[in-house]
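As structure tokens, the structure follows; a few thoughts come after it.
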Amino acid sequence: MDIKIHEFQISILRELLFKPQARFRDLKKVDITNDHFTFHLKQLVREGLVIKENGKYNLSDEGKEFANRMDTDALKLERQAKLGVAIHAIRTKNNKRDLIHHRLKEPFYGWYGSHSGKIRWGEKPLECAEREFLEETGLTGKFTLKGIVHYHHIHADGRFLEDKYFWVFRVGDTKGKLKVKVLEGENIWMTEEKFRKLKNVLATYDEMEEVTTSKNLVYIDRTRIVDSY
């Protein structure tokens, strides 16, 4: 659930974590007017995070899941690593080619790398990989899980940019008609020689090969310092 939430609303959710069946007076722990507080409480009800019954307030099922992800001491939403899939398709007939995605979407606009996508709530990594690959390329294929790569992207000025875990799948025996252009960017069957000449890449050719050609399932932590994002 992607909701922008005010610190007063976080305070209300925190109270409801520990006080089910709370009344209005039980929830008002911030120094604001009743009208102002009522506004924020009603906003949570409208968002479906809080339920009001017989003058008492409880977290909805969605509210329980949302509030459980909060840092309740700091009264702010807890930042967590993102979970996704990286999909690397290989074509071996008539010399090896790797299917490379030229990203035309922020962040990393203009960079090159494997296809990727976020794992949806309740979705298995393989289901996500098959869905994303079909949506972004128009292709199907034989998927093999090769490893998990944990990325920290840090700006050259010291800012922490991204914390991501990728389930990495190798795809062979691709079938279908390739979508050369999609909203997110361009898809290119590329030789190793051409890829190695690129500057802005999300992973080097050797880093991709380390995972996709491994005989065993691998886990890798990688920290990448970048000048642009």
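Ligands are numbered from 1 in the order shown, residues from 1 within each chain, and chains are lettered A, B, ... in the order they appear in the structure tokens.
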
Give one line per residue of stretch 51-118 of chain A that approaches stretch 202-225 of chain A to at most 7 Å, naming the two atoms of the closest pair and their distance in Å to one decimal, counting only C-alpha atoms; sort by chain then ascending residue number and deliver it as JSON lines.
{"residue": "A:Trp111", "atom": "CA", "partner": "A:Leu202", "partner_atom": "CA", "distance": 6.7}
{"residue": "A:Tyr112", "atom": "CA", "partner": "A:Leu202", "partner_atom": "CA", "distance": 6.1}
{"residue": "A:Gly113", "atom": "CA", "partner": "A:Leu202", "partner_atom": "CA", "distance": 5.3}

Print the selection's residues with C-alpha atoms to a file, as a PDB file, in the first residue's frame.
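Done, and the output landed in again-v8.pdb:
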ATOM      1  CA  TRP A 111      21.412   3.098 -18.398  1.00  0.00           C
ATOM      2  CA  TYR A 112      21.685  -0.475 -19.689  1.00  0.00           C
ATOM      3  CA  GLY A 113      21.127  -3.795 -17.945  1.00  0.00           C
TER       4      GLY A 113
END

Quiz prompt | Within 10 Å of stretch 106-109 of chain A using only C-alpha atoms, minus same-chain residues under 2 positions, as an NGL selection string | solution = :A and (102-104 or 111-112 or 184-185 or 200-202 or 226 or 228-229)

Atoms kept (C-alpha atoms) for selection, written as an mmCIF file, in the first residue's frame:
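Okay, selection24.cif is ready:
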data_model
loop_
_atom_site.group_PDB
_atom_site.id
_atom_site.type_symbol
_atom_site.label_atom_id
_atom_site.label_comp_id
_atom_site.auth_asym_id
_atom_site.auth_seq_id
_atom_site.Cartn_x
_atom_site.Cartn_y
_atom_site.Cartn_z
ATOM 1 C CA HIS A 102 18.032 0.309 -22.383
ATOM 2 C CA ARG A 103 16.219 2.037 -19.550
ATOM 3 C CA LEU A 104 14.274 5.200 -20.467
ATOM 4 C CA TRP A 111 21.412 3.098 -18.398
ATOM 5 C CA TYR A 112 21.685 -0.475 -19.689
ATOM 6 C CA GLU A 184 10.072 1.871 -19.932
ATOM 7 C CA GLY A 185 12.731 1.672 -22.668
ATOM 8 C CA ASN A 200 26.319 3.419 -17.941
ATOM 9 C CA VAL A 201 25.544 -0.182 -17.004
ATOM 10 C CA LEU A 202 23.646 -1.451 -13.957
ATOM 11 C CA VAL A 226 27.316 6.145 -8.812
ATOM 12 C CA SER A 228 24.093 9.933 -11.356
ATOM 13 C CA TYR A 229 20.839 8.294 -10.424
#

Quiz item: When DSSP works through the backbone of this structure, what residues of chain A end up as alpha helix (DSSP H), shown as a ChimeraX atom specification?
Solution: /A:7-18,24-27,34-46,61-67,125-137,192-196,205-212

Exercise. Name the residues in contact with A:Gly172 at a cut-off of 7 Å, using only C-alpha atoms, excluding same-chain residues fewer than 5 positions from it; report them as a PyMOL selection string.
Key: chain A and resi 89-91+141-143

Output the selection as a PDB file, in the first residue's frame - N, CA, C and O atoms for each residue.
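Here's the written file selection_1.pdb:
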ATOM      1  N   ALA A  89      17.895 -12.768 -20.276  1.00  0.00           N
ATOM      2  CA  ALA A  89      17.605 -13.720 -21.361  1.00  0.00           C
ATOM      3  C   ALA A  89      18.830 -13.921 -22.236  1.00  0.00           C
ATOM      4  O   ALA A  89      19.569 -12.969 -22.541  1.00  0.00           O
ATOM      5  N   ILE A  90      19.044 -15.173 -22.643  1.00  0.00           N
ATOM      6  CA  ILE A  90      20.186 -15.550 -23.476  1.00  0.00           C
ATOM      7  C   ILE A  90      19.689 -16.199 -24.763  1.00  0.00           C
ATOM      8  O   ILE A  90      18.757 -17.003 -24.747  1.00  0.00           O
ATOM      9  N   ARG A  91      20.329 -15.855 -25.871  1.00  0.00           N
ATOM     10  CA  ARG A  91      20.058 -16.517 -27.148  1.00  0.00           C
ATOM     11  C   ARG A  91      21.370 -17.064 -27.680  1.00  0.00           C
ATOM     12  O   ARG A  91      22.329 -16.305 -27.886  1.00  0.00           O
ATOM     13  N   GLY A 141       9.703 -17.997 -22.071  1.00  0.00           N
ATOM     14  CA  GLY A 141      10.923 -18.780 -22.132  1.00  0.00           C
ATOM     15  C   GLY A 141      11.039 -19.726 -20.951  1.00  0.00           C
ATOM     16  O   GLY A 141      10.111 -19.858 -20.143  1.00  0.00           O
ATOM     17  N   LYS A 142      12.184 -20.373 -20.857  1.00  0.00           N
ATOM     18  CA  LYS A 142      12.469 -21.291 -19.763  1.00  0.00           C
ATOM     19  C   LYS A 142      13.251 -20.536 -18.691  1.00  0.00           C
ATOM     20  O   LYS A 142      14.369 -20.084 -18.936  1.00  0.00           O
ATOM     21  N   PHE A 143      12.659 -20.418 -17.492  1.00  0.00           N
ATOM     22  CA  PHE A 143      13.248 -19.626 -16.420  1.00  0.00           C
ATOM     23  C   PHE A 143      13.999 -20.520 -15.430  1.00  0.00           C
ATOM     24  O   PHE A 143      13.475 -21.541 -14.989  1.00  0.00           O
TER      25      PHE A 143
END

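Among A:Gln9, A:Ser116, A:Asn94, A:Thr144, the residue with the shortest atom-to-atom distance to A:Thr191, counting only C-alpha atoms, is A:Asn94.
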
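Using only C-alpha atoms, the residues found no farther than 8 Å from A:Ser11, other than those of its own chain fewer than 4 positions away, are Glu7, Glu15, Lys29, Val30 and Leu75 of chain A.
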
For the residues in that selection, give me N, CA and C atoms as a PDB file, in the first residue's frame.
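Ended up saving to part.pdb:
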ATOM      1  N   GLU A   7       2.480  12.904  10.095  1.00  0.00           N
ATOM      2  CA  GLU A   7       3.009  12.417  11.375  1.00  0.00           C
ATOM      3  C   GLU A   7       1.914  12.290  12.431  1.00  0.00           C
ATOM      4  N   GLU A  15      -1.019   4.374  18.393  1.00  0.00           N
ATOM      5  CA  GLU A  15      -1.879   4.137  19.553  1.00  0.00           C
ATOM      6  C   GLU A  15      -2.787   2.937  19.329  1.00  0.00           C
ATOM      7  N   LYS A  29      -3.008  12.152  21.311  1.00  0.00           N
ATOM      8  CA  LYS A  29      -1.777  12.287  22.080  1.00  0.00           C
ATOM      9  C   LYS A  29      -0.897  13.423  21.566  1.00  0.00           C
ATOM     10  N   VAL A  30      -1.410  14.169  20.607  1.00  0.00           N
ATOM     11  CA  VAL A  30      -0.648  15.282  20.049  1.00  0.00           C
ATOM     12  C   VAL A  30      -1.337  16.592  20.405  1.00  0.00           C
ATOM     13  N   LEU A  75       8.077   7.197  15.387  1.00  0.00           N
ATOM     14  CA  LEU A  75       6.844   7.717  14.802  1.00  0.00           C
ATOM     15  C   LEU A  75       7.011   8.071  13.323  1.00  0.00           C
TER      16      LEU A  75
END

Self-check item: For A:Leu145: contacts at 7 Å, only C-alpha atoms, fewer than 5 positions along chain excluded, given as a ChimeraX atom specification
Solution: /A:168-170

Practice problem: For A:Glu193, please output as a list in words all residues within 12 Å (counting only C-alpha atoms; exclusion window: fewer than 5 positions along the same chain). | Solution: Asn95, Lys96, Arg97, Asp98, Leu198, Tyr205 and Asp206 of chain A

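Coordinates place atom CA of A:Ile119 at a distance of 14.6 Å from atom CA of A:His150.
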
Practice problem: Give the answer as one residue: which of A:Arg131, A:His40, A:Lys56, A:His88 has the shortest atom-to-atom distance to A:Ile10, using only C-alpha atoms? | Solution: A:His40

Practice problem: Within 12 Å of A:Ile12, counting only C-alpha atoms, which residues show up once you throw out same-chain ones fewer than 3 positions away? Write them as number ranges by chain, please. | Solution: A: 5-9, 15-20, 22-30, 37-45, 49-50, 57-59, 63, 67, 70, 72, 75-76

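The two atoms in question, atom CA of A:Gln21 and atom CA of A:Gly122, are spaced 29.0 Å apart.
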
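With distances restricted to only C-alpha atoms, A:His101 is the closest residue to A:Phe195 from A:Lys181, A:His101, A:Lys118, A:Lys124.
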
Practice problem: Check the DSSP output for the backbone and give back, as an MDAnalysis selection string, the residues of chain A in strand (DSSP E). | Solution: chainID A and resid 50:53 56:59 70:71 76:77 82:91 97:103 112:113 115:118 140:155 160:175 181:182 185:190 218:226

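Separating atom CA of A:Leu139 from atom CA of A:His152 is a distance of 29.8 Å.
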